[in-house]
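Chemist: My structure is stored as data.cif, with mmCIF, C-alpha atoms.
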```cif
data_query
loop_
_atom_site.label_atom_id
_atom_site.label_comp_id
_atom_site.auth_asym_id
_atom_site.auth_seq_id
_atom_site.Cartn_x
_atom_site.Cartn_y
_atom_site.Cartn_z
CA MET A 1 -106.62 -253.57 -46.51
CA GLN A 2 -107.26 -252.92 -50.22
CA LEU A 3 -110.99 -253.30 -49.61
CA VAL A 4 -110.84 -250.68 -46.88
CA GLY A 5 -108.92 -248.37 -49.22
CA LEU A 6 -111.48 -248.96 -51.94
CA ALA A 7 -114.31 -248.33 -49.48
CA VAL A 8 -112.69 -245.07 -48.34
CA LEU A 9 -112.22 -243.91 -51.94
CA THR A 10 -115.84 -244.72 -52.75
CA ILE A 11 -117.05 -242.75 -49.77
CA VAL A 12 -114.81 -239.78 -50.60
CA PHE A 13 -115.85 -239.70 -54.26
CA SER A 14 -119.54 -240.10 -53.58
CA ALA A 15 -119.35 -237.35 -50.97
CA THR A 16 -117.62 -235.10 -53.50
CA SER A 17 -120.12 -235.81 -56.24
CA ARG A 18 -122.94 -235.18 -53.79
CA ALA A 19 -121.33 -231.87 -52.86
CA ASP A 20 -121.00 -231.04 -56.58
CA ALA A 21 -124.60 -231.98 -57.18
CA ALA A 22 -125.63 -229.88 -54.18
CA ALA A 23 -123.56 -226.91 -55.39
CA SER A 24 -124.87 -227.02 -58.96
CA SER A 25 -128.43 -227.52 -57.84
CA ASN A 26 -128.06 -224.64 -55.38
CA SER A 27 -127.02 -222.27 -58.16
CA ALA A 28 -129.90 -223.62 -60.23
CA VAL A 29 -132.27 -222.84 -57.35
CA VAL A 30 -130.85 -219.34 -56.99
CA ALA A 31 -131.29 -218.71 -60.73
CA LYS A 32 -134.81 -220.12 -60.73
CA LEU A 33 -135.69 -218.07 -57.64
CA ALA A 34 -134.57 -214.89 -59.42
CA TYR A 35 -136.85 -215.89 -62.30
CA CYS A 36 -139.82 -216.20 -59.92
CA GLN A 37 -138.88 -212.86 -58.36
CA ASP A 38 -138.98 -211.15 -61.77
CA CYS A 39 -142.78 -211.36 -61.64
CA HIS A 40 -143.62 -212.05 -58.00
CA GLY A 41 -141.36 -209.31 -56.62
CA GLN A 42 -137.91 -209.22 -55.09
CA SER A 43 -139.31 -210.30 -51.69
CA GLY A 44 -142.22 -212.28 -53.13
CA GLN A 45 -144.58 -209.46 -52.23
CA GLY A 46 -146.56 -209.78 -55.49
CA TYR A 47 -147.07 -207.24 -58.27
CA ARG A 48 -149.96 -205.48 -59.95
CA GLY A 49 -149.13 -206.34 -63.53
CA PHE A 50 -151.71 -206.50 -66.27
CA PHE A 51 -152.73 -209.63 -64.39
CA PRO A 52 -152.45 -209.50 -60.60
CA ILE A 53 -149.39 -211.55 -59.65
CA PRO A 54 -149.87 -213.01 -56.18
CA ARG A 55 -147.75 -212.65 -53.08
CA LEU A 56 -145.69 -215.77 -52.40
CA ALA A 57 -143.88 -214.45 -49.32
CA GLY A 58 -144.74 -216.41 -46.19
CA GLN A 59 -146.82 -218.92 -48.14
CA GLN A 60 -147.34 -222.43 -46.73
CA ILE A 61 -144.89 -224.81 -48.43
CA GLU A 62 -147.47 -227.54 -48.99
CA TYR A 63 -149.92 -225.06 -50.56
CA LEU A 64 -147.30 -223.69 -52.96
CA GLU A 65 -146.20 -227.18 -53.93
CA ASN A 66 -149.82 -228.18 -54.58
CA GLN A 67 -150.46 -225.14 -56.77
CA LEU A 68 -147.34 -225.69 -58.88
CA ARG A 69 -148.40 -229.30 -59.44
CA ALA A 70 -151.96 -228.16 -60.20
CA PHE A 71 -150.63 -225.85 -62.93
CA VAL A 72 -148.70 -228.69 -64.55
CA GLU A 73 -151.64 -231.10 -64.32
CA ARG A 74 -154.01 -228.41 -65.62
CA ARG A 75 -156.23 -228.74 -62.57
CA ARG A 76 -155.61 -225.02 -62.35
CA PRO A 77 -155.49 -223.69 -65.92
CA ASN A 78 -153.11 -220.76 -66.32
CA PRO A 79 -151.05 -220.51 -69.52
CA ILE A 80 -148.30 -218.45 -67.93
CA MET A 81 -147.89 -220.61 -64.83
CA SER A 82 -148.18 -223.99 -66.55
CA ASN A 83 -145.30 -222.93 -68.76
CA VAL A 84 -143.30 -221.92 -65.71
CA ALA A 85 -144.16 -225.00 -63.67
CA HIS A 86 -143.67 -227.75 -66.23
CA VAL A 87 -139.88 -227.38 -66.18
CA LEU A 88 -139.70 -227.59 -62.37
CA SER A 89 -138.56 -230.85 -60.76
CA PRO A 90 -140.20 -231.86 -57.45
CA ASP A 91 -136.94 -231.03 -55.61
CA MET A 92 -136.83 -227.60 -57.22
CA ILE A 93 -140.45 -226.96 -56.26
CA THR A 94 -139.75 -227.80 -52.63
CA ALA A 95 -136.59 -225.67 -52.59
CA LEU A 96 -138.40 -222.65 -54.08
CA ALA A 97 -141.35 -223.00 -51.72
CA ALA A 98 -138.98 -223.07 -48.75
CA LYS A 99 -137.28 -219.87 -49.93
CA PHE A 100 -140.53 -217.98 -50.36
CA ARG A 101 -141.79 -219.20 -46.99
CA ASP A 102 -139.06 -217.20 -45.31
CA PHE A 103 -139.70 -213.85 -46.98
CA ASN A 104 -141.77 -211.40 -44.95
CA PRO A 105 -142.17 -208.03 -46.69
CA LYS A 106 -144.92 -205.52 -45.89
CA PRO A 107 -148.18 -206.10 -47.79
CA LEU A 108 -148.41 -204.35 -51.15
CA GLY A 109 -151.67 -202.82 -49.95
CA GLY A 110 -153.64 -200.41 -52.12
CA GLY A 111 -157.05 -201.87 -51.33
CA PRO A 112 -159.97 -199.72 -50.12
CA LYS A 113 -159.45 -198.95 -46.44
CA ASP A 114 -163.13 -198.27 -45.77
CA LEU A 115 -164.01 -201.93 -46.38
CA VAL A 116 -161.43 -203.36 -43.96
CA ALA A 117 -163.67 -203.42 -40.89
CA LYS A 118 -166.47 -205.23 -42.69
CA GLY A 119 -163.95 -207.67 -44.15
CA GLU A 120 -162.53 -208.39 -40.71
CA ARG A 121 -165.99 -209.27 -39.39
CA ILE A 122 -166.59 -211.68 -42.26
CA PHE A 123 -163.13 -213.22 -41.91
CA GLN A 124 -163.39 -213.78 -38.16
CA ASP A 125 -167.11 -214.58 -37.83
CA GLY A 126 -168.20 -215.87 -41.23
CA VAL A 127 -171.62 -215.15 -42.70
CA PRO A 128 -173.94 -217.48 -40.74
CA GLU A 129 -177.08 -216.51 -42.65
CA ALA A 130 -175.39 -217.64 -45.90
CA ASN A 131 -173.91 -220.77 -44.33
CA VAL A 132 -170.42 -219.39 -44.80
CA ALA A 133 -168.00 -220.54 -42.13
CA ALA A 134 -165.53 -218.14 -40.58
CA CYS A 135 -162.43 -218.01 -42.76
CA ALA A 136 -160.39 -217.86 -39.57
CA ALA A 137 -161.56 -221.33 -38.63
CA CYS A 138 -159.33 -222.86 -41.33
CA HIS A 139 -156.99 -220.07 -42.38
CA GLY A 140 -156.20 -219.11 -38.78
CA PRO A 141 -157.13 -215.95 -36.86
CA LYS A 142 -154.15 -214.12 -38.40
CA ALA A 143 -154.69 -215.66 -41.86
CA LEU A 144 -151.34 -217.44 -41.68
CA GLY A 145 -152.73 -220.69 -43.06
CA TYR A 146 -151.70 -224.22 -42.16
CA GLU A 147 -150.12 -226.93 -44.34
CA GLN A 148 -152.35 -227.17 -47.41
CA ILE A 149 -154.42 -224.17 -46.35
CA PRO A 150 -152.90 -221.01 -47.74
CA HIS A 151 -151.48 -218.02 -45.92
CA LEU A 152 -153.73 -215.11 -46.95
CA ALA A 153 -152.36 -212.18 -44.93
CA GLY A 154 -150.96 -209.49 -47.19
CA GLN A 155 -152.21 -211.13 -50.39
CA LEU A 156 -153.00 -208.79 -53.27
CA TYR A 157 -156.44 -207.17 -53.28
CA PRO A 158 -157.20 -207.74 -56.99
CA TYR A 159 -155.83 -211.29 -56.78
CA LEU A 160 -158.06 -212.27 -53.85
CA ILE A 161 -161.10 -210.87 -55.64
CA LYS A 162 -160.21 -212.75 -58.82
CA GLU A 163 -159.73 -216.06 -57.01
CA LEU A 164 -162.89 -215.87 -54.92
CA THR A 165 -164.97 -214.71 -57.87
CA ASN A 166 -163.63 -217.27 -60.35
CA TRP A 167 -163.01 -220.19 -58.00
CA GLY A 168 -165.31 -222.64 -59.77
CA LYS A 169 -163.74 -221.83 -63.15
CA GLU A 170 -160.12 -221.74 -62.07
CA ARG A 171 -159.56 -224.45 -59.50
CA GLY A 172 -160.15 -228.20 -59.55
CA GLN A 173 -160.70 -228.16 -63.30
CA ASN A 174 -159.76 -231.77 -63.93
CA PRO A 175 -162.79 -233.86 -62.92
CA ALA A 176 -160.73 -237.04 -63.22
CA HIS A 177 -158.40 -235.74 -60.48
CA PRO A 178 -160.39 -233.84 -57.88
CA ASP A 179 -158.27 -231.85 -55.44
CA ALA A 180 -158.63 -230.03 -52.14
CA SER A 181 -159.84 -226.90 -53.88
CA PHE A 182 -163.37 -228.32 -53.79
CA ILE A 183 -163.56 -227.21 -50.15
CA MET A 184 -163.57 -223.54 -51.12
CA ALA A 185 -166.07 -223.86 -53.97
CA PRO A 186 -169.34 -223.51 -51.99
CA ILE A 187 -167.86 -220.73 -49.85
CA ALA A 188 -166.64 -218.71 -52.82
CA HIS A 189 -170.00 -219.28 -54.49
CA SER A 190 -172.00 -218.07 -51.48
CA LEU A 191 -170.13 -214.83 -50.89
CA THR A 192 -171.66 -211.76 -52.51
CA LYS A 193 -169.52 -209.38 -54.55
CA SER A 194 -169.42 -206.80 -51.77
CA GLN A 195 -168.47 -209.46 -49.22
CA VAL A 196 -165.64 -210.62 -51.48
CA ASP A 197 -164.43 -207.02 -51.85
CA ALA A 198 -164.52 -206.51 -48.10
CA VAL A 199 -162.63 -209.69 -47.24
CA ALA A 200 -160.07 -208.92 -49.93
CA ALA A 201 -159.62 -205.40 -48.57
CA TYR A 202 -159.11 -206.74 -45.04
CA LEU A 203 -156.60 -209.42 -46.04
CA SER A 204 -154.61 -207.23 -48.42
CA ASP A 205 -153.91 -204.90 -45.51
CA LEU A 206 -152.98 -207.58 -42.99
CA LYS A 207 -149.35 -207.89 -41.92
CA MET B 1 -182.18 -153.79 -74.65
CA LYS B 2 -179.91 -151.29 -76.29
CA TYR B 3 -176.93 -152.34 -78.37
CA THR B 4 -177.84 -156.04 -77.87
CA ARG B 5 -176.03 -157.30 -80.90
CA LEU B 6 -172.97 -155.19 -80.06
CA LYS B 7 -172.86 -156.63 -76.52
CA ILE B 8 -173.20 -160.15 -77.81
CA ALA B 9 -170.42 -159.53 -80.32
CA VAL B 10 -168.10 -158.14 -77.62
CA VAL B 11 -168.70 -161.12 -75.33
CA ALA B 12 -168.18 -163.54 -78.21
CA MET B 13 -164.89 -161.88 -79.17
CA ALA B 14 -163.69 -161.93 -75.56
CA CYS B 15 -164.42 -165.66 -75.25
CA PHE B 16 -162.72 -166.37 -78.53
CA ALA B 17 -159.67 -164.37 -77.44
CA VAL B 18 -159.44 -166.20 -74.12
CA SER B 19 -159.75 -169.66 -75.65
CA ALA B 20 -157.32 -168.76 -78.40
CA ALA B 21 -154.83 -167.60 -75.79
CA ALA B 22 -155.32 -170.78 -73.81
CA ALA B 23 -154.90 -172.95 -76.90
CA HIS B 24 -151.82 -170.97 -77.82
CA ALA B 25 -150.33 -171.47 -74.33
CA GLU B 26 -151.15 -175.20 -74.37
CA SER B 27 -149.67 -175.72 -77.78
CA LEU B 28 -146.36 -174.13 -76.71
CA ALA B 29 -145.76 -176.78 -74.04
CA ILE B 30 -146.80 -179.53 -76.41
CA ARG B 31 -144.62 -178.23 -79.20
CA ASN B 32 -141.63 -178.50 -76.88
CA CYS B 33 -142.29 -182.22 -76.95
CA THR B 34 -143.32 -182.72 -80.56
CA TRP B 35 -140.13 -181.08 -81.89
CA CYS B 36 -138.51 -184.43 -81.22
CA HIS B 37 -141.38 -186.84 -80.67
CA GLY B 38 -143.04 -186.03 -83.99
CA GLY B 39 -145.89 -183.72 -84.94
CA SER B 40 -148.56 -186.24 -84.00
CA ALA B 41 -146.45 -187.66 -81.17
CA GLN B 42 -145.98 -190.88 -83.12
CA GLY B 43 -142.24 -190.82 -82.51
CA TYR B 44 -139.29 -189.67 -84.57
CA THR B 45 -136.14 -191.66 -84.02
CA PRO B 46 -134.54 -191.71 -81.52
CA ALA B 47 -137.50 -190.23 -79.66
CA PRO B 48 -140.21 -192.82 -78.97
CA ARG B 49 -143.90 -192.56 -79.78
CA LEU B 50 -145.85 -190.89 -76.98
CA ALA B 51 -149.28 -191.21 -78.59
CA GLY B 52 -151.46 -193.70 -76.76
CA GLN B 53 -148.90 -194.32 -74.06
CA ARG B 54 -150.16 -194.99 -70.51
CA PRO B 55 -150.41 -191.58 -68.83
CA GLN B 56 -149.01 -192.77 -65.49
CA TYR B 57 -146.02 -194.20 -67.32
CA ILE B 58 -145.28 -190.94 -69.15
CA GLU B 59 -145.71 -188.98 -65.95
CA LYS B 60 -143.37 -191.26 -64.05
CA GLN B 61 -140.72 -191.08 -66.77
CA LEU B 62 -140.86 -187.27 -66.80
CA MET B 63 -140.39 -187.09 -63.03
CA ASN B 64 -137.55 -189.57 -63.27
CA PHE B 65 -135.82 -187.59 -65.98
CA SER B 66 -135.88 -184.61 -63.62
CA ALA B 67 -134.51 -186.79 -60.83
CA HIS B 68 -131.90 -188.32 -63.18
CA THR B 69 -133.00 -191.84 -62.28
CA ARG B 70 -133.42 -192.92 -65.90
CA ASP B 71 -129.84 -192.56 -67.03
CA ASN B 72 -129.29 -194.08 -70.46
CA PRO B 73 -127.36 -191.87 -72.93
CA PHE B 74 -130.26 -190.34 -74.91
CA SER B 75 -132.23 -189.71 -71.73
CA LYS B 76 -129.25 -187.88 -70.32
CA LEU B 77 -128.58 -185.96 -73.51
CA TYR B 78 -132.12 -184.85 -74.28
CA MET B 79 -134.67 -185.66 -71.61
CA TRP B 80 -132.89 -184.50 -68.48
CA GLY B 81 -132.92 -180.99 -69.94
CA ALA B 82 -136.40 -181.27 -71.43
CA ALA B 83 -137.95 -182.33 -68.14
CA ALA B 84 -135.84 -180.15 -65.85
CA ASN B 85 -138.40 -177.37 -65.48
CA LEU B 86 -141.58 -179.43 -65.57
CA SER B 87 -143.79 -179.17 -62.52
CA PRO B 88 -145.57 -182.36 -61.45
CA LEU B 89 -148.85 -180.83 -62.62
CA ALA B 90 -147.42 -179.97 -66.04
CA ALA B 91 -145.99 -183.47 -66.33
CA ARG B 92 -149.37 -184.96 -65.53
CA ASN B 93 -151.21 -182.73 -68.02
CA LEU B 94 -148.78 -183.53 -70.81
CA ALA B 95 -148.99 -187.21 -69.99
CA VAL B 96 -152.78 -187.22 -70.13
CA TYR B 97 -152.78 -185.26 -73.39
CA PHE B 98 -150.40 -187.63 -75.16
CA SER B 99 -152.18 -190.71 -73.85
CA THR B 100 -155.36 -189.64 -75.65
CA ILE B 101 -153.79 -189.46 -79.12
CA PRO B 102 -154.50 -192.68 -81.06
CA PRO B 103 -151.23 -194.56 -81.55
CA LYS B 104 -149.97 -195.87 -84.87
CA ALA B 105 -147.83 -199.01 -85.05
CA ALA B 106 -144.27 -198.48 -86.26
CA ASN B 107 -144.33 -201.72 -88.31
CA ASP B 108 -140.58 -201.51 -88.76
CA GLY B 109 -139.33 -204.77 -87.24
CA ASP B 110 -138.07 -207.87 -89.01
CA ARG B 111 -141.14 -209.86 -90.11
CA GLU B 112 -139.22 -213.11 -90.11
CA LEU B 113 -138.45 -212.75 -86.43
CA ALA B 114 -141.93 -211.74 -85.31
CA ALA B 115 -143.15 -215.29 -84.65
CA ALA B 116 -140.18 -216.04 -82.41
CA GLY B 117 -140.79 -212.74 -80.63
CA ARG B 118 -144.41 -213.66 -80.09
CA ALA B 119 -143.41 -216.92 -78.41
CA ILE B 120 -141.07 -215.12 -76.02
CA TYR B 121 -143.63 -212.41 -75.28
CA GLN B 122 -146.60 -214.70 -74.66
CA GLU B 123 -144.89 -217.76 -73.17
CA GLY B 124 -141.43 -216.73 -72.00
CA ILE B 125 -138.57 -219.23 -72.03
CA PRO B 126 -138.83 -221.12 -68.73
CA ASP B 127 -135.70 -223.17 -69.37
CA ALA B 128 -133.69 -219.96 -69.69
CA ASN B 129 -135.52 -218.29 -66.77
CA ILE B 130 -137.00 -215.68 -69.08
CA VAL B 131 -140.45 -214.54 -67.96
CA ALA B 132 -143.44 -214.06 -70.25
CA CYS B 133 -143.83 -210.33 -70.87
CA VAL B 134 -147.60 -210.80 -71.15
CA ALA B 135 -147.94 -211.19 -67.36
CA CYS B 136 -147.26 -207.49 -66.79
CA HIS B 137 -147.60 -205.83 -70.19
CA GLY B 138 -150.84 -207.54 -71.20
CA PRO B 139 -151.98 -209.75 -74.11
CA ASN B 140 -151.85 -206.87 -76.60
CA ALA B 141 -148.80 -205.23 -75.05
CA GLN B 142 -151.12 -202.44 -73.96
CA GLY B 143 -149.67 -202.03 -70.46
CA VAL B 144 -151.56 -200.89 -67.35
CA GLY B 145 -150.99 -198.17 -64.76
CA GLU B 146 -147.30 -197.34 -64.76
CA ILE B 147 -146.45 -200.33 -66.95
CA PRO B 148 -145.96 -199.05 -70.49
CA ARG B 149 -147.74 -199.94 -73.69
CA LEU B 150 -145.13 -201.63 -75.87
CA GLY B 151 -147.33 -202.50 -78.85
CA GLY B 152 -146.33 -200.60 -81.98
CA LEU B 153 -143.26 -198.89 -80.58
CA ALA B 154 -140.34 -198.57 -82.98
CA TYR B 155 -138.02 -201.55 -83.42
CA THR B 156 -134.85 -199.53 -82.79
CA TYR B 157 -136.28 -197.96 -79.65
CA LEU B 158 -137.39 -201.27 -78.11
CA LYS B 159 -134.12 -202.94 -79.05
CA ARG B 160 -132.07 -200.14 -77.55
CA ARG B 161 -134.00 -200.11 -74.27
CA LEU B 162 -133.70 -203.88 -73.84
CA GLU B 163 -129.97 -203.71 -74.59
CA GLN B 164 -129.41 -200.80 -72.23
CA TRP B 165 -130.81 -202.57 -69.21
CA GLY B 166 -128.46 -205.43 -69.95
CA GLN B 167 -125.65 -202.86 -70.00
CA GLY B 168 -126.51 -201.67 -66.50
CA TYR B 169 -128.54 -198.52 -67.13
CA HIS B 170 -131.34 -197.85 -64.68
CA ALA B 171 -135.08 -197.97 -65.17
CA ALA B 172 -137.36 -195.39 -63.61
CA ALA B 173 -139.29 -198.15 -61.88
CA GLY B 174 -136.27 -199.97 -60.47
CA PRO B 175 -136.79 -203.73 -60.66
CA PRO B 176 -137.71 -205.87 -62.48
CA MET B 177 -136.87 -204.74 -66.05
CA PRO B 178 -133.10 -204.45 -65.69
CA GLN B 179 -132.73 -207.99 -64.38
CA ILE B 180 -135.25 -209.42 -66.86
CA ALA B 181 -133.58 -207.77 -69.84
CA SER B 182 -130.11 -208.85 -68.69
CA LYS B 183 -131.06 -212.46 -69.43
CA LEU B 184 -132.07 -211.74 -73.03
CA SER B 185 -129.67 -212.63 -75.83
CA PRO B 186 -129.31 -210.36 -78.91
CA LYS B 187 -131.48 -212.81 -80.86
CA HIS B 188 -134.22 -212.68 -78.22
CA ILE B 189 -134.11 -208.88 -78.25
CA ALA B 190 -134.33 -208.65 -82.02
CA ALA B 191 -137.27 -211.07 -82.05
CA LEU B 192 -139.15 -209.28 -79.27
CA ALA B 193 -138.57 -205.82 -80.71
CA SER B 194 -139.73 -207.03 -84.13
CA TYR B 195 -142.90 -208.68 -82.82
CA LEU B 196 -143.85 -205.65 -80.75
CA SER B 197 -143.24 -203.12 -83.52
CA PHE B 198 -146.09 -204.67 -85.53
CA MET B 199 -148.66 -204.71 -82.76
CA LYS B 200 -151.60 -202.35 -82.88
#
```
Could you render the structure from this file as structure tokens?
Modeler:
Amino acid sequence: MQLVGLAVLTIVFSATSRADAAASSNSAVVAKLAYCQDCHGQSGQGYRGFFPIPRLAGQQIEYLENQLRAFVERRRPNPIMSNVAHVLSPDMITALAAKFRDFNPKPLGGGPKDLVAKGERIFQDGVPEANVAACAACHGPKALGYEQIPHLAGQLYPYLIKELTNWGKERGQNPAHPDASFIMAPIAHSLTKSQVDAVAAYLSDLK
Amino acid sequence: MKYTRLKIAVVAMACFAVSAAAAHAESLAIRNCTWCHGGSAQGYTPAPRLAGQRPQYIEKQLMNFSAHTRDNPFSKLYMWGAAANLSPLAARNLAVYFSTIPPKAANDGDRELAAAGRAIYQEGIPDANIVACVACHGPNAQGVGEIPRLGGLAYTYLKRRLEQWGQGYHAAAGPPMPQIASKLSPKHIAALASYLSFMK
């Protein structure tokens, strides 16, 4: 009888402390989310600061998680983001990624409209003569991404240009720990500047 | 040609008169600003320096003074009236003019706090959910587009603006400054304002 009572008490107390832990971690997530929103926008739509701050809304959870870890491990050097990321626990990272996944604001836009058609052709058909596969083949016909492959629709125009132009200098920078970013390296390298501009214009306009 | 030199003289005088009139008209509008903002637009407390400020930022502030969006006490007392009769074109012209004047740093912060201010500005305080100002305002606090240049602004002006957002006054741009500044403690504000006041 006493053992049952003891068992019941243990269950009740552990449930309570789990609820407490859940409540305090929830408010920590809310506070941390607001911190992300300060730069990335209230709905994660991104922001044209001095540096282009990318859209996080609708991003694939696995991709976001990978990037935050890449910042901490310096596979993706970025002084601002490694500072941000190094205080994030794995649980916090997953919680934040899940929140941003659910936002769906309009794209920030502002890219050149006259390049959109050319960008759409490159995105959907690739550039066969340069051995560049169709982006849609991996990123999806609507650029929604899949698991590790990022959602690109509505991403910022200057950010897309920066990433594609600087891919080899910004991603996979720790040779001891190669990551999936190597897949994009030859593609980013083969695209010409005007092709990069066009694809960026197309994607930055895409809902 | 008869009376050549006379004709040339008349044309020259007419041009001089026109440009003098134009300069006179331009300087009237500018003097309305420099009464308070200082003869070389370097600021004269409580009015901030306008020299070297991003033109889109100045323009946006002027339109928001007219619309009463920016509502802190000095804005209400002085700038709502000053901007009330400005057309968008006049606002733009004034903004462009002031942006071209080379700015001088105020250099009036607390030197002992500048290093702490630099850390907050360049790195933020992730544990306290305080973002790094550099992301939007740039490595030299020079700003871009509608985001203002902060480098070299007066200590008291920067301090007051950061405090006011924490007190609930509104920014012309809406988010994110009010919520960012609300997280700053008085020590953070003093450090940031000091660091920035020394920046060229």
Chemist: Quick one: everything within 8 Å of Thr165 in chain A, counting only C-alpha atoms, minus sequence neighbours fewer than 4 positions away in the same chain. Send it as a ChimeraX atom specification.
Modeler: /A:161,188-189,193,196
Chemist: Pick from A:Leu68, A:Ala98, A:Ile80, A:Ala28: nearest to chain B, with all atoms listed in the file counted?
Modeler: A:Ile80
Chemist: Selection in question (the file shown): the PyMOL selection byres ((chain B) within 6 of (chain A)). Which residues does it include, as a compact mmCIF listing (two decimals) with C-alpha atoms, keeping the file's coordinate frame?
Modeler:
```txt
# COMPACT_ATOMS: atom_id res chain seq x y z
CA PRO B 126 -138.83 -221.12 -68.73
CA ASN B 129 -135.52 -218.29 -66.77
CA ALA B 135 -147.94 -211.19 -67.36
CA CYS B 136 -147.26 -207.49 -66.79
CA HIS B 137 -147.60 -205.83 -70.19
CA GLY B 138 -150.84 -207.54 -71.20
CA VAL B 144 -151.56 -200.89 -67.35
CA PRO B 176 -137.71 -205.87 -62.48
```
Chemist: Would you please work out which residue, of A:Glu65, A:Asp91, A:Glu120, A:Glu73, is nearest to Ser204 in chain A when using all atoms listed in the file?
Modeler: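 Between A:Glu65, A:Asp91, A:Glu120, A:Glu73, the residue approaching Ser204 in chain A most closely is A:Glu120.
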Chemist: Is it possible to get the residues within 9 Å of (-156.6, -199.7, -48.0) (coordinates as in the file, counting all atoms listed in the file) written as a PDB file with C-alpha atoms, in the coordinates of the input?
Modeler:
```pdb
ATOM      1  CA  GLY A 109    -151.670-202.820 -49.950  1.00  0.00           C
ATOM      2  CA  GLY A 110    -153.640-200.410 -52.120  1.00  0.00           C
ATOM      3  CA  GLY A 111    -157.050-201.870 -51.330  1.00  0.00           C
ATOM      4  CA  PRO A 112    -159.970-199.720 -50.120  1.00  0.00           C
ATOM      5  CA  LYS A 113    -159.450-198.950 -46.440  1.00  0.00           C
ATOM      6  CA  ASP A 114    -163.130-198.270 -45.770  1.00  0.00           C
ATOM      7  CA  LEU A 115    -164.010-201.930 -46.380  1.00  0.00           C
ATOM      8  CA  VAL A 116    -161.430-203.360 -43.960  1.00  0.00           C
ATOM      9  CA  ALA A 201    -159.620-205.400 -48.570  1.00  0.00           C
ATOM     10  CA  TYR A 202    -159.110-206.740 -45.040  1.00  0.00           C
ATOM     11  CA  SER A 204    -154.610-207.230 -48.420  1.00  0.00           C
ATOM     12  CA  ASP A 205    -153.910-204.900 -45.510  1.00  0.00           C
TER      13      ASP A 205
END
```
Chemist: Take the point (-143.5, -200.3, -87.9) as written in the file and pick out every residue within 6 Å of it, counting all atoms listed in the file; give the list as a list in words.
Modeler: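 The answer, in the requested form, is Ala105, Ala106, Asn107, Asp108, Ser197 and Phe198 of chain B.
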Chemist: Selected residues, C-alpha atoms, written as a compact mmCIF listing (two decimals), keeping the file's coordinate frame, please.
Modeler:
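New file result24.txt:
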```
# COMPACT_ATOMS: atom_id res chain seq x y z
CA ALA B 105 -147.83 -199.01 -85.05
CA ALA B 106 -144.27 -198.48 -86.26
CA ASN B 107 -144.33 -201.72 -88.31
CA ASP B 108 -140.58 -201.51 -88.76
CA SER B 197 -143.24 -203.12 -83.52
CA PHE B 198 -146.09 -204.67 -85.53
```
Chemist: What is the CA of Ile30 in chain B to CA of His170 in chain B distance in Å?
Modeler: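 Taking CA of Ile30 in chain B and CA of His170 in chain B, their separation equals 26.7 Å.
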Chemist: What is the distance, in Å and to one decimal place, between CA of Asp71 in chain B and CA of Gly143 in chain B?
Modeler: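 Computing it gives 22.2 Å between the two atoms.
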Chemist: Any idea what's packed within 9 Å of Ala185 in chain A, counting all atoms listed in the file, ignoring anything in its chain fewer than 4 positions away? Could you give it as a list in words?
Modeler: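 Contacts, with the query itself left out: Leu164, Trp167, Gly168, Arg171, Ser181, His189 and Ser190 of chain A.
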Chemist: On this structure, the PyMOL selection byres ((chain B and resi 83) around 9) would catch which residues? List them as a list in words, sorted by chain and number.
Modeler: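 Taken over the shown coordinates, the PyMOL selection byres ((chain B and resi 83) around 9) returns Leu62, Met63, Asn64, Phe65, Ser66, Tyr78, Met79, Trp80, Gly81, Ala82, Ala84, Asn85, Leu86, Ser87 and Ala91 of chain B.
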Chemist: Mind dumping the selected residues with C-alpha atoms as a CSV table (one decimal), keeping the file's coordinate frame?
Modeler:
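Result file follows (out_24.csv):
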```csv
chain,number,residue,atom,x,y,z
B,62,LEU,CA,-140.9,-187.3,-66.8
B,63,MET,CA,-140.4,-187.1,-63.0
B,64,ASN,CA,-137.6,-189.6,-63.3
B,65,PHE,CA,-135.8,-187.6,-66.0
B,66,SER,CA,-135.9,-184.6,-63.6
B,78,TYR,CA,-132.1,-184.8,-74.3
B,79,MET,CA,-134.7,-185.7,-71.6
B,80,TRP,CA,-132.9,-184.5,-68.5
B,81,GLY,CA,-132.9,-181.0,-69.9
B,82,ALA,CA,-136.4,-181.3,-71.4
B,84,ALA,CA,-135.8,-180.2,-65.8
B,85,ASN,CA,-138.4,-177.4,-65.5
B,86,LEU,CA,-141.6,-179.4,-65.6
B,87,SER,CA,-143.8,-179.2,-62.5
B,91,ALA,CA,-146.0,-183.5,-66.3
```
Chemist: Separation of CA of Glu163 in chain B and CA of Ser75 in chain B, in Å?
Modeler: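 Pair CA of Glu163 in chain B / CA of Ser75 in chain B returns 14.5 Å.
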Chemist: Between B:Phe98, B:Tyr155, B:Trp35, B:Tyr169, which one has atoms that come closest to Glu59 in chain B, using only C-alpha atoms?
Modeler: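 Checking each candidate against Glu59 in chain B, we get B:Phe98 as the closest.
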